[in-house]
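Visitor: mmCIF, C-alpha atoms, file start_21.cif:
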data_entry
loop_
_atom_site.label_atom_id
_atom_site.label_comp_id
_atom_site.auth_asym_id
_atom_site.auth_seq_id
_atom_site.Cartn_x
_atom_site.Cartn_y
_atom_site.Cartn_z
CA MET F 1 -25.04 1.22 7.23
CA ASN F 2 -24.53 4.18 4.93
CA LYS F 3 -23.63 3.76 1.28
CA LYS F 4 -19.89 4.46 1.53
CA MET F 5 -17.76 1.42 2.36
CA ALA F 6 -13.96 1.28 2.34
CA LEU F 7 -11.71 -1.77 2.70
CA VAL F 8 -8.17 -1.22 3.99
CA THR F 9 -5.54 -3.96 4.13
CA GLY F 10 -2.78 -3.69 6.69
CA ALA F 11 -5.25 -1.67 8.76
CA SER F 12 -3.94 -2.39 12.26
CA ASP F 13 -1.17 0.23 12.42
CA GLY F 14 1.09 2.62 10.52
CA ILE F 15 -0.15 4.22 7.31
CA GLY F 16 -3.00 1.70 7.13
CA LEU F 17 -4.46 2.88 10.43
CA GLU F 18 -4.18 6.50 9.29
CA PHE F 19 -6.06 5.63 6.08
CA CYS F 20 -8.82 4.21 8.27
CA LYS F 21 -9.02 7.34 10.42
CA ILE F 22 -9.24 9.66 7.41
CA LEU F 23 -11.86 7.55 5.64
CA ALA F 24 -13.90 7.18 8.84
CA GLU F 25 -13.75 10.93 9.42
CA ARG F 26 -15.21 11.38 5.94
CA GLY F 27 -18.13 9.08 6.65
CA HIS F 28 -16.94 5.75 5.26
CA ASN F 29 -17.86 2.55 7.03
CA LEU F 30 -14.82 0.29 7.15
CA ILE F 31 -13.71 -3.26 6.54
CA LEU F 32 -10.45 -3.67 8.44
CA VAL F 33 -8.08 -6.35 7.18
CA ALA F 34 -4.86 -7.58 8.82
CA ARG F 35 -3.47 -10.72 10.45
CA ARG F 36 -3.94 -9.91 14.16
CA GLU F 37 -7.60 -10.18 15.17
CA GLN F 38 -7.33 -8.69 18.66
CA LYS F 39 -5.44 -5.68 17.35
CA LEU F 40 -8.06 -5.18 14.64
CA GLN F 41 -10.88 -5.47 17.17
CA ASP F 42 -9.26 -2.77 19.31
CA VAL F 43 -8.85 -0.51 16.28
CA ALA F 44 -12.44 -1.16 15.17
CA ARG F 45 -13.81 -0.26 18.60
CA ASP F 46 -11.79 2.96 18.78
CA LEU F 47 -12.79 4.05 15.26
CA SER F 48 -16.46 3.26 15.82
CA GLU F 49 -16.57 5.20 19.07
CA HIS F 50 -14.65 8.21 17.79
CA TYR F 51 -16.07 8.58 14.27
CA LYS F 52 -19.50 6.94 14.68
CA VAL F 53 -19.02 4.58 11.72
CA ASP F 54 -19.51 0.84 11.36
CA CYS F 55 -16.33 -1.24 11.35
CA ILE F 56 -16.12 -4.86 10.28
CA VAL F 57 -13.05 -6.96 11.11
CA MET F 58 -11.83 -9.56 8.63
CA THR F 59 -8.55 -11.25 9.50
CA ALA F 60 -6.45 -12.48 6.59
CA ASP F 61 -2.87 -13.46 5.91
CA LEU F 62 -2.38 -12.19 2.38
CA SER F 63 0.80 -14.23 1.94
CA GLU F 64 -1.31 -17.40 1.83
CA PRO F 65 -2.56 -18.86 -1.50
CA GLN F 66 -6.04 -17.67 -2.53
CA ALA F 67 -6.18 -15.24 0.42
CA ALA F 68 -7.44 -12.39 -1.76
CA GLN F 69 -10.16 -14.53 -3.32
CA LYS F 70 -11.31 -15.77 0.09
CA LEU F 71 -11.41 -12.22 1.43
CA PHE F 72 -13.47 -11.02 -1.53
CA GLN F 73 -15.90 -13.91 -1.10
CA ARG F 74 -16.36 -13.01 2.58
CA VAL F 75 -17.12 -9.42 1.64
CA LYS F 76 -19.70 -10.42 -0.94
CA SER F 77 -21.25 -13.13 1.25
CA ASN F 78 -21.95 -10.37 3.78
CA GLN F 79 -23.64 -8.38 0.99
CA LEU F 80 -21.16 -5.52 1.30
CA ASN F 81 -20.28 -3.22 -1.60
CA VAL F 82 -16.82 -1.67 -1.38
CA ASN F 83 -16.41 1.63 -3.21
CA PHE F 84 -12.94 2.50 -1.87
CA LEU F 85 -10.17 -0.13 -1.77
CA VAL F 86 -6.84 0.67 -0.15
CA ASN F 87 -4.19 -1.95 -0.93
CA ASN F 88 -1.85 -0.94 1.88
CA ALA F 89 -0.56 -4.27 3.22
CA GLY F 90 3.08 -4.88 2.38
CA LEU F 91 6.22 -6.68 3.51
CA LEU F 92 9.85 -5.55 3.46
CA ALA F 93 13.10 -7.48 3.70
CA ASN F 94 16.54 -5.83 3.76
CA GLY F 95 19.76 -7.60 2.87
CA SER F 96 21.58 -9.42 0.11
CA PHE F 97 19.28 -11.47 -2.11
CA THR F 98 21.21 -14.73 -1.61
CA ASP F 99 21.58 -14.18 2.15
CA LEU F 100 17.90 -13.63 2.81
CA ASP F 101 15.64 -16.63 3.37
CA LEU F 102 13.85 -17.58 0.15
CA SER F 103 10.49 -18.12 1.84
CA THR F 104 10.66 -14.62 3.28
CA GLN F 105 11.09 -13.18 -0.18
CA GLU F 106 8.35 -15.37 -1.65
CA ASN F 107 5.94 -14.14 1.05
CA MET F 108 6.91 -10.58 0.21
CA LEU F 109 6.01 -11.14 -3.44
CA MET F 110 2.75 -12.84 -2.49
CA VAL F 111 1.63 -9.83 -0.44
CA ASN F 112 3.16 -6.93 -2.37
CA VAL F 113 2.38 -8.22 -5.86
CA LEU F 114 0.00 -11.17 -6.09
CA ALA F 115 -2.51 -10.28 -3.36
CA LEU F 116 -2.59 -6.64 -4.46
CA THR F 117 -3.18 -7.66 -8.07
CA SER F 118 -5.90 -10.13 -7.16
CA LEU F 119 -7.75 -7.71 -4.87
CA THR F 120 -7.55 -5.00 -7.50
CA HIS F 121 -8.97 -7.31 -10.16
CA LEU F 122 -11.82 -8.58 -7.98
CA PHE F 123 -12.92 -5.26 -6.52
CA ALA F 124 -12.36 -3.22 -9.71
CA THR F 125 -14.60 -5.59 -11.65
CA ASP F 126 -17.24 -5.30 -8.94
CA MET F 127 -16.93 -1.49 -8.78
CA ALA F 128 -17.18 -1.14 -12.55
CA SER F 129 -20.40 -3.16 -12.55
CA ARG F 130 -21.84 -0.61 -10.11
CA GLY F 131 -20.64 2.49 -11.96
CA GLY F 132 -17.40 3.42 -10.27
CA GLY F 133 -15.13 3.49 -7.24
CA HIS F 134 -11.62 4.27 -6.04
CA ILE F 135 -8.56 2.03 -5.67
CA LEU F 136 -5.43 3.27 -3.92
CA ASN F 137 -2.37 1.04 -4.31
CA LEU F 138 0.59 1.61 -2.02
CA ALA F 139 3.76 1.68 -4.11
CA SER F 140 6.87 3.47 -2.81
CA LEU F 141 9.58 5.92 -3.74
CA ALA F 142 11.62 2.71 -4.09
CA ALA F 143 9.51 1.93 -7.16
CA TRP F 144 11.44 4.48 -9.22
CA THR F 145 14.82 2.74 -9.17
CA ALA F 146 16.47 -0.62 -8.49
CA ILE F 147 17.89 -0.82 -4.95
CA PRO F 148 20.63 -3.33 -4.05
CA ASN F 149 20.11 -4.88 -0.60
CA GLN F 150 16.42 -4.06 -0.93
CA ASN F 151 16.13 -5.61 -4.36
CA VAL F 152 12.95 -7.70 -4.25
CA TYR F 153 11.06 -5.06 -2.27
CA ALA F 154 11.97 -2.30 -4.73
CA ALA F 155 11.12 -4.55 -7.67
CA SER F 156 7.74 -5.41 -6.15
CA LYS F 157 6.93 -1.72 -5.72
CA ALA F 158 8.06 -1.00 -9.29
CA TYR F 159 5.49 -3.59 -10.34
CA VAL F 160 2.78 -1.85 -8.30
CA LEU F 161 3.59 1.50 -9.90
CA SER F 162 3.69 0.18 -13.48
CA PHE F 163 0.60 -1.98 -13.01
CA SER F 164 -1.39 0.86 -11.42
CA HIS F 165 -0.47 3.30 -14.20
CA ALA F 166 -1.51 0.89 -16.94
CA PHE F 167 -4.70 -0.21 -15.20
CA ALA F 168 -5.70 3.38 -14.45
CA ASP F 169 -5.54 4.11 -18.18
CA GLU F 170 -7.62 1.04 -19.00
CA MET F 171 -10.33 2.00 -16.52
CA MET F 172 -10.41 5.60 -17.73
CA VAL F 173 -10.59 4.74 -21.43
CA ALA F 174 -13.32 2.16 -20.78
CA GLY F 175 -15.37 4.79 -18.93
CA THR F 176 -15.86 2.56 -15.88
CA GLY F 177 -15.76 5.36 -13.33
CA VAL F 178 -13.08 3.44 -11.40
CA VAL F 179 -10.13 5.62 -10.35
CA VAL F 180 -6.80 3.83 -9.79
CA THR F 181 -4.01 5.64 -7.96
CA ALA F 182 -0.45 4.69 -7.00
CA LEU F 183 0.86 6.27 -3.79
CA CYS F 184 4.67 6.48 -3.60
CA PRO F 185 5.81 7.59 -0.14
CA GLY F 186 9.44 7.87 0.86
CA TYR F 187 10.73 6.97 4.31
CA THR F 188 7.78 7.05 6.70
CA ALA F 189 7.68 6.71 10.50
CA THR F 190 6.25 3.20 10.68
CA LYS F 191 7.50 -0.12 12.03
CA MET F 192 9.13 -0.77 8.65
CA LEU F 193 11.96 1.54 9.72
CA SER F 194 12.72 -0.29 12.96
CA ASN F 195 11.68 -3.93 12.62
CA PRO F 196 14.63 -6.32 13.15
CA ASP F 197 12.58 -9.16 11.64
CA GLN F 198 13.06 -7.48 8.25
CA GLY F 199 16.81 -8.11 8.23
CA GLY F 200 19.12 -5.12 8.18
CA LEU F 201 18.03 -1.72 9.48
CA LEU F 202 18.74 1.56 7.70
CA LYS F 203 20.08 4.67 9.40
CA ILE F 204 17.85 7.43 8.06
CA PRO F 205 18.06 11.16 8.88
CA LYS F 206 14.95 12.32 10.73
CA ALA F 207 14.62 15.27 8.36
CA VAL F 208 13.59 13.01 5.47
CA ILE F 209 11.10 10.85 7.40
CA SER F 210 7.42 11.64 6.77
CA SER F 211 4.58 11.08 9.21
CA PRO F 212 2.10 8.31 8.35
CA GLN F 213 -0.74 10.80 8.85
CA SER F 214 0.51 13.16 6.15
CA VAL F 215 1.21 10.31 3.72
CA ALA F 216 -2.27 8.83 4.21
CA GLU F 217 -3.99 12.19 3.84
CA LYS F 218 -2.17 13.00 0.61
CA GLY F 219 -3.02 9.54 -0.70
CA ILE F 220 -6.74 9.75 0.02
CA ASN F 221 -7.01 13.33 -1.23
CA GLY F 222 -5.14 12.54 -4.44
CA CYS F 223 -7.16 9.42 -5.16
CA LEU F 224 -10.45 11.24 -4.64
CA ALA F 225 -9.16 13.99 -6.94
CA GLY F 226 -8.55 11.41 -9.67
CA LYS F 227 -4.74 11.53 -9.66
CA THR F 228 -2.85 8.57 -11.07
CA THR F 229 0.40 9.09 -9.15
CA ILE F 230 1.08 10.70 -5.78
CA ILE F 231 4.56 11.28 -4.37
CA PRO F 232 4.24 12.97 -0.96
CA GLY F 233 6.89 15.58 -0.19
CA LEU F 234 8.92 17.87 -2.42
CA SER F 235 12.22 16.11 -1.68
CA ASN F 236 10.70 12.76 -2.66
CA GLN F 237 9.29 14.26 -5.85
CA MET F 238 12.73 15.63 -6.73
CA THR F 239 14.35 12.27 -5.98
CA ALA F 240 11.95 10.45 -8.31
CA TYR F 241 12.47 13.06 -11.04
CA VAL F 242 16.27 13.13 -10.81
CA SER F 243 16.49 9.33 -10.78
CA GLN F 244 14.97 9.31 -14.27
CA LEU F 245 17.62 11.66 -15.70
CA PHE F 246 20.57 9.29 -15.42
CA SER F 247 21.29 5.74 -16.56
CA LYS F 248 19.57 3.06 -14.52
CA MET F 249 22.84 1.30 -13.67
CA MET F 250 24.45 4.54 -12.49
CA VAL F 251 21.55 5.22 -10.15
CA THR F 252 21.52 1.59 -9.01
CA ARG F 253 25.22 1.69 -8.09
CA LEU F 254 24.74 4.92 -6.15
CA MET F 255 21.78 3.45 -4.28
CA GLY F 256 23.76 0.31 -3.54
CA LYS F 257 26.62 2.30 -2.02
CA MET F 258 24.22 4.31 0.11
CA TYR F 259 22.31 1.29 1.40
CA ARG F 260 25.43 -0.72 2.19
CA LYS F 261 26.92 2.25 4.03
CA ASN F 262 23.82 2.94 6.11
CA MET F 263 22.43 -0.56 6.70
CA THR F 264 23.25 -2.27 10.00
#
When written as structure tokens, how does the structure in this file appear?
Guide:
Amino acid sequence: MNKKMALVTGASDGIGLEFCKILAERGHNLILVARREQKLQDVARDLSEHYKVDCIVMTADLSEPQAAQKLFQRVKSNQLNVNFLVNNAGLLANGSFTDLDLSTQENMLMVNVLALTSLTHLFATDMASRGGGHILNLASLAAWTAIPNQNVYAASKAYVLSFSHAFADEMMVAGTGVVVTALCPGYTATKMLSNPDQGGLLKIPKAVISSPQSVAEKGINGCLAGKTTIIPGLSNQMTAYVSQLFSKMMVTRLMGKMYRKNMT
């Protein structure tokens, strides 16, 4: 195996799969993490054949307690050194907070917040001991404002953004060589836009939907360039900027009206 090893969570489809393709194309061997083993095995075979890299499958349900710690232990027990971590796995639930099942929202927080934090801690410490590495955390355009009817999801992504910013500064000041980047895509053509298991579905104009390939490429390129924050797309950048110019409650009420109008 060559020296470059990347671990991608949520690697079986969507943006996660595109991360894998880009990293493989650039010579990284891969650790693919998701819940569905057969799907991961199919992805691993295709990537290995097409890009001539080594792919290791590690199934994990990151909503389970200690899942991140168990995953890290498996990586180290196989004597693998990860120098690029992509925390891509995430859950989404649409609907009123009190109408949505509590366990669904707890699982969302476990994956979006706790597992991401734990994996970042474990792998960043390991990377720093070896002189550096890259960590790309998937936040969202939703991180920039509170969103009624998508409240816990938006709050979880706001955590990812704030946490990544602060941790990036810590790593830089300490001279660890570890780069931490938050990627904040807007609406992207993945199953998150059309999965009825997530509750309500949003009607979104096709003109504002990005491709997972372009989002992944901008994320990898920005992280390797040492950027702290990446917002793919000019319209998304303008949305994030404008949302900071007005009072938080004003923006929240506007977002609430939009989501209630367009959610089925």
Visitor: List the spatial neighbours of Thr229 (chain F) as a VMD selection string - criterion: any atom at most 12 Å away, all atoms listed in the file, same-chain residues fewer than 3 positions off excluded.
Guide: chain F and resid 135 to 141 143 to 144 160 to 166 168 to 169 179 to 185 218 to 226 232 237 240
Visitor: With C-alpha atoms retained, write the just-selected residues as a compact mmCIF listing (two decimals), in the coordinates of the input.
Guide:
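File produced: part_3.txt:
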# COMPACT_ATOMS: atom_id res chain seq x y z
CA ILE F 135 -8.56 2.03 -5.67
CA LEU F 136 -5.43 3.27 -3.92
CA ASN F 137 -2.37 1.04 -4.31
CA LEU F 138 0.59 1.61 -2.02
CA ALA F 139 3.76 1.68 -4.11
CA SER F 140 6.87 3.47 -2.81
CA LEU F 141 9.58 5.92 -3.74
CA ALA F 143 9.51 1.93 -7.16
CA TRP F 144 11.44 4.48 -9.22
CA VAL F 160 2.78 -1.85 -8.30
CA LEU F 161 3.59 1.50 -9.90
CA SER F 162 3.69 0.18 -13.48
CA PHE F 163 0.60 -1.98 -13.01
CA SER F 164 -1.39 0.86 -11.42
CA HIS F 165 -0.47 3.30 -14.20
CA ALA F 166 -1.51 0.89 -16.94
CA ALA F 168 -5.70 3.38 -14.45
CA ASP F 169 -5.54 4.11 -18.18
CA VAL F 179 -10.13 5.62 -10.35
CA VAL F 180 -6.80 3.83 -9.79
CA THR F 181 -4.01 5.64 -7.96
CA ALA F 182 -0.45 4.69 -7.00
CA LEU F 183 0.86 6.27 -3.79
CA CYS F 184 4.67 6.48 -3.60
CA PRO F 185 5.81 7.59 -0.14
CA LYS F 218 -2.17 13.00 0.61
CA GLY F 219 -3.02 9.54 -0.70
CA ILE F 220 -6.74 9.75 0.02
CA ASN F 221 -7.01 13.33 -1.23
CA GLY F 222 -5.14 12.54 -4.44
CA CYS F 223 -7.16 9.42 -5.16
CA LEU F 224 -10.45 11.24 -4.64
CA ALA F 225 -9.16 13.99 -6.94
CA GLY F 226 -8.55 11.41 -9.67
CA PRO F 232 4.24 12.97 -0.96
CA GLN F 237 9.29 14.26 -5.85
CA ALA F 240 11.95 10.45 -8.31
Visitor: Give me, please, the distance in Å between CA of Leu122 (chain F) and CA of Ala34 (chain F), quoted to one decimal.
Guide: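 Calculated distance between CA of Leu122 (chain F) and CA of Ala34 (chain F) is 18.2 Å.
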Visitor: So that each row is one residue of region 43-156 of chain F with an atom at most 8 Å from region 8-24 of chain F, can you give its shortest atom pair and the distance in Å to one decimal, using all atoms listed in the file, rows by chain and rising number, as a Markdown table?
Guide:
| residue | atom | partner | partner_atom | distance |
| --- | --- | --- | --- | --- |
| F:Val43 | CA | F:Ser12 | CA | 6.6 |
| F:Leu47 | CA | F:Lys21 | CA | 7.0 |
| F:Tyr51 | CA | F:Ala24 | CA | 6.0 |
| F:Val53 | CA | F:Ala24 | CA | 6.4 |
| F:Leu85 | CA | F:Val8 | CA | 6.2 |
| F:Val86 | CA | F:Val8 | CA | 4.7 |
| F:Asn87 | CA | F:Thr9 | CA | 5.6 |
| F:Asn88 | CA | F:Thr9 | CA | 5.3 |
| F:Ala89 | CA | F:Gly10 | CA | 4.2 |
| F:Gly90 | CA | F:Gly10 | CA | 7.4 |
Visitor: With a distance cut-off of 7 Å and only C-alpha atoms, select the neighbouring residues of Ser210 (chain F), excluding the residue or stretch itself and same-chain residues fewer than 4 positions from it, and output the selection as a list in words.
Guide: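 Contacts, in chain order: Tyr187, Thr188 and Ala189 of chain F.
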Visitor: Mind giving me the straight-line distance from CA of Leu62 (chain F) to CA of Phe97 (chain F) in Å, one decimal?
Guide: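 So the answer is 22.1 Å.
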Visitor: So how far away is CA of Asp46 (chain F) from CA of Ile231 (chain F), in Å?
Guide: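 Separation of CA of Ile231 (chain F) and CA of Asp46 (chain F): 29.5 Å.
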Visitor: Around all listed atoms of region 51-54 of chain F, padded 6 Å per side, what centre and edge lengths does the axis-aligned box have in Å to one decimal, as lines of an AutoDock Vina configuration file?
Guide:
center_x = -17.8
center_y = 4.7
center_z = 13.0
size_x = 15.4
size_y = 19.7
size_z = 15.3
Visitor: Measuring between all atoms listed in the file, which one of F:Ala128, F:Val215, F:Ala146, F:Val113 shows the shortest distance to Gly175 (chain F)?
Guide: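 Residue with the minimum atom-to-atom distance to Gly175 (chain F): F:Ala128.
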Visitor: Nearest residue to Leu245 (chain F) out of F:Leu91, F:Thr145, F:Gly177, F:Phe72, using all atoms listed in the file?
Guide: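 Smallest separation from Leu245 (chain F) among the options: F:Thr145.
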Visitor: Could you tell me, as a PDB file with C-alpha atoms, in the coordinates of the input, exactly which residues end up selected when the PyMOL selection byres ((chain F and resi 125) around 12) is applied to this structure?
Guide:
ATOM      1  CA  PHE F  72     -13.470 -11.020  -1.530  1.00  0.00           C
ATOM      2  CA  ASN F  81     -20.280  -3.220  -1.600  1.00  0.00           C
ATOM      3  CA  VAL F  82     -16.820  -1.670  -1.380  1.00  0.00           C
ATOM      4  CA  ASN F  83     -16.410   1.630  -3.210  1.00  0.00           C
ATOM      5  CA  SER F 118      -5.900 -10.130  -7.160  1.00  0.00           C
ATOM      6  CA  LEU F 119      -7.750  -7.710  -4.870  1.00  0.00           C
ATOM      7  CA  THR F 120      -7.550  -5.000  -7.500  1.00  0.00           C
ATOM      8  CA  HIS F 121      -8.970  -7.310 -10.160  1.00  0.00           C
ATOM      9  CA  LEU F 122     -11.820  -8.580  -7.980  1.00  0.00           C
ATOM     10  CA  PHE F 123     -12.920  -5.260  -6.520  1.00  0.00           C
ATOM     11  CA  ALA F 124     -12.360  -3.220  -9.710  1.00  0.00           C
ATOM     12  CA  ASP F 126     -17.240  -5.300  -8.940  1.00  0.00           C
ATOM     13  CA  MET F 127     -16.930  -1.490  -8.780  1.00  0.00           C
ATOM     14  CA  ALA F 128     -17.180  -1.140 -12.550  1.00  0.00           C
ATOM     15  CA  SER F 129     -20.400  -3.160 -12.550  1.00  0.00           C
ATOM     16  CA  ARG F 130     -21.840  -0.610 -10.110  1.00  0.00           C
ATOM     17  CA  GLY F 131     -20.640   2.490 -11.960  1.00  0.00           C
ATOM     18  CA  GLY F 132     -17.400   3.420 -10.270  1.00  0.00           C
ATOM     19  CA  GLY F 133     -15.130   3.490  -7.240  1.00  0.00           C
ATOM     20  CA  HIS F 134     -11.620   4.270  -6.040  1.00  0.00           C
ATOM     21  CA  ILE F 135      -8.560   2.030  -5.670  1.00  0.00           C
ATOM     22  CA  PHE F 167      -4.700  -0.210 -15.200  1.00  0.00           C
ATOM     23  CA  MET F 171     -10.330   2.000 -16.520  1.00  0.00           C
ATOM     24  CA  THR F 176     -15.860   2.560 -15.880  1.00  0.00           C
ATOM     25  CA  GLY F 177     -15.760   5.360 -13.330  1.00  0.00           C
ATOM     26  CA  VAL F 178     -13.080   3.440 -11.400  1.00  0.00           C
TER      27      VAL F 178
END
Visitor: Considering all atoms listed in the file, return as a ChimeraX atom specification whatever protein or nucleic-acid residues lie within 6 Å of Ser63 (chain F), sequence-local ones (same chain, fewer than 4 positions apart) excluded.
Guide: /F:107,110-111
Visitor: Nearest to Glu64 (chain F) among F:Ser214, F:Ser103, F:Asn149, F:Ser235, with distances taken over only C-alpha atoms: which residue is it?
Guide: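 Nearest candidate to Glu64 (chain F) out of F:Ser214, F:Ser103, F:Asn149, F:Ser235: F:Ser103.
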Visitor: Provide region 216-241 of chain F rebuilt to N, CA and C atoms, formatted as a JSON list (two decimals), in the frame of the given file.
Guide:
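Resulting contents of result-v8.json:
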[["chain", "number", "residue", "atom", "x", "y", "z"],
["F", 216, "ALA", "N", -0.92, 9.35, 4.42],
["F", 216, "ALA", "CA", -2.27, 8.83, 4.21],
["F", 216, "ALA", "C", -3.21, 9.92, 3.69],
["F", 217, "GLU", "N", -3.11, 11.10, 4.26],
["F", 217, "GLU", "CA", -3.99, 12.19, 3.84],
["F", 217, "GLU", "C", -3.75, 12.58, 2.39],
["F", 218, "LYS", "N", -2.48, 12.67, 2.00],
["F", 218, "LYS", "CA", -2.17, 13.00, 0.61],
["F", 218, "LYS", "C", -2.66, 11.89, -0.32],
["F", 219, "GLY", "N", -2.56, 10.65, 0.12],
["F", 219, "GLY", "CA", -3.02, 9.54, -0.70],
["F", 219, "GLY", "C", -4.52, 9.55, -0.93],
["F", 220, "ILE", "N", -5.28, 9.72, 0.14],
["F", 220, "ILE", "CA", -6.74, 9.75, 0.02],
["F", 220, "ILE", "C", -7.19, 10.95, -0.80],
["F", 221, "ASN", "N", -6.62, 12.12, -0.50],
["F", 221, "ASN", "CA", -7.01, 13.33, -1.23],
["F", 221, "ASN", "C", -6.71, 13.20, -2.72],
["F", 222, "GLY", "N", -5.53, 12.68, -3.04],
["F", 222, "GLY", "CA", -5.14, 12.54, -4.44],
["F", 222, "GLY", "C", -5.99, 11.55, -5.19],
["F", 223, "CYS", "N", -6.31, 10.44, -4.53],
["F", 223, "CYS", "CA", -7.16, 9.42, -5.16],
["F", 223, "CYS", "C", -8.55, 9.97, -5.43],
["F", 224, "LEU", "N", -9.12, 10.66, -4.46],
["F", 224, "LEU", "CA", -10.45, 11.24, -4.64],
["F", 224, "LEU", "C", -10.45, 12.33, -5.71],
["F", 225, "ALA", "N", -9.28, 12.96, -5.90],
["F", 225, "ALA", "CA", -9.16, 13.99, -6.94],
["F", 225, "ALA", "C", -8.89, 13.40, -8.31],
["F", 226, "GLY", "N", -8.74, 12.07, -8.39],
["F", 226, "GLY", "CA", -8.55, 11.41, -9.67],
["F", 226, "GLY", "C", -7.11, 11.35, -10.14],
["F", 227, "LYS", "N", -6.14, 11.58, -9.25],
["F", 227, "LYS", "CA", -4.74, 11.53, -9.66],
["F", 227, "LYS", "C", -4.28, 10.08, -9.85],
["F", 228, "THR", "N", -3.39, 9.90, -10.81],
["F", 228, "THR", "CA", -2.85, 8.57, -11.07],
["F", 228, "THR", "C", -1.64, 8.26, -10.20],
["F", 229, "THR", "N", -0.82, 9.27, -9.93],
["F", 229, "THR", "CA", 0.40, 9.09, -9.15],
["F", 229, "THR", "C", 0.51, 10.16, -8.08],
["F", 230, "ILE", "N", 0.88, 9.76, -6.87],
["F", 230, "ILE", "CA", 1.08, 10.70, -5.78],
["F", 230, "ILE", "C", 2.42, 10.39, -5.13],
["F", 231, "ILE", "N", 3.29, 11.40, -5.07],
["F", 231, "ILE", "CA", 4.56, 11.28, -4.37],
["F", 231, "ILE", "C", 4.56, 12.35, -3.27],
["F", 232, "PRO", "N", 4.31, 11.98, -2.03],
["F", 232, "PRO", "CA", 4.24, 12.97, -0.96],
["F", 232, "PRO", "C", 5.60, 13.58, -0.65],
["F", 233, "GLY", "N", 5.66, 14.90, -0.58],
["F", 233, "GLY", "CA", 6.89, 15.58, -0.19],
["F", 233, "GLY", "C", 7.71, 16.04, -1.37],
["F", 234, "LEU", "N", 8.14, 17.30, -1.33],
["F", 234, "LEU", "CA", 8.92, 17.87, -2.42],
["F", 234, "LEU", "C", 10.25, 17.15, -2.62],
["F", 235, "SER", "N", 10.93, 16.79, -1.54],
["F", 235, "SER", "CA", 12.22, 16.11, -1.68],
["F", 235, "SER", "C", 12.05, 14.75, -2.35],
["F", 236, "ASN", "N", 10.97, 14.05, -2.01],
["F", 236, "ASN", "CA", 10.70, 12.76, -2.66],
["F", 236, "ASN", "C", 10.37, 12.93, -4.13],
["F", 237, "GLN", "N", 9.62, 13.98, -4.46],
["F", 237, "GLN", "CA", 9.29, 14.26, -5.85],
["F", 237, "GLN", "C", 10.56, 14.55, -6.66],
["F", 238, "MET", "N", 11.47, 15.31, -6.06],
["F", 238, "MET", "CA", 12.73, 15.63, -6.73],
["F", 238, "MET", "C", 13.59, 14.38, -6.91],
["F", 239, "THR", "N", 13.59, 13.51, -5.90],
["F", 239, "THR", "CA", 14.35, 12.27, -5.98],
["F", 239, "THR", "C", 13.85, 11.39, -7.13],
["F", 240, "ALA", "N", 12.53, 11.26, -7.23],
["F", 240, "ALA", "CA", 11.95, 10.45, -8.31],
["F", 240, "ALA", "C", 12.29, 11.06, -9.67],
["F", 241, "TYR", "N", 12.19, 12.38, -9.77],
["F", 241, "TYR", "CA", 12.47, 13.06, -11.04],
["F", 241, "TYR", "C", 13.94, 12.91, -11.44]]
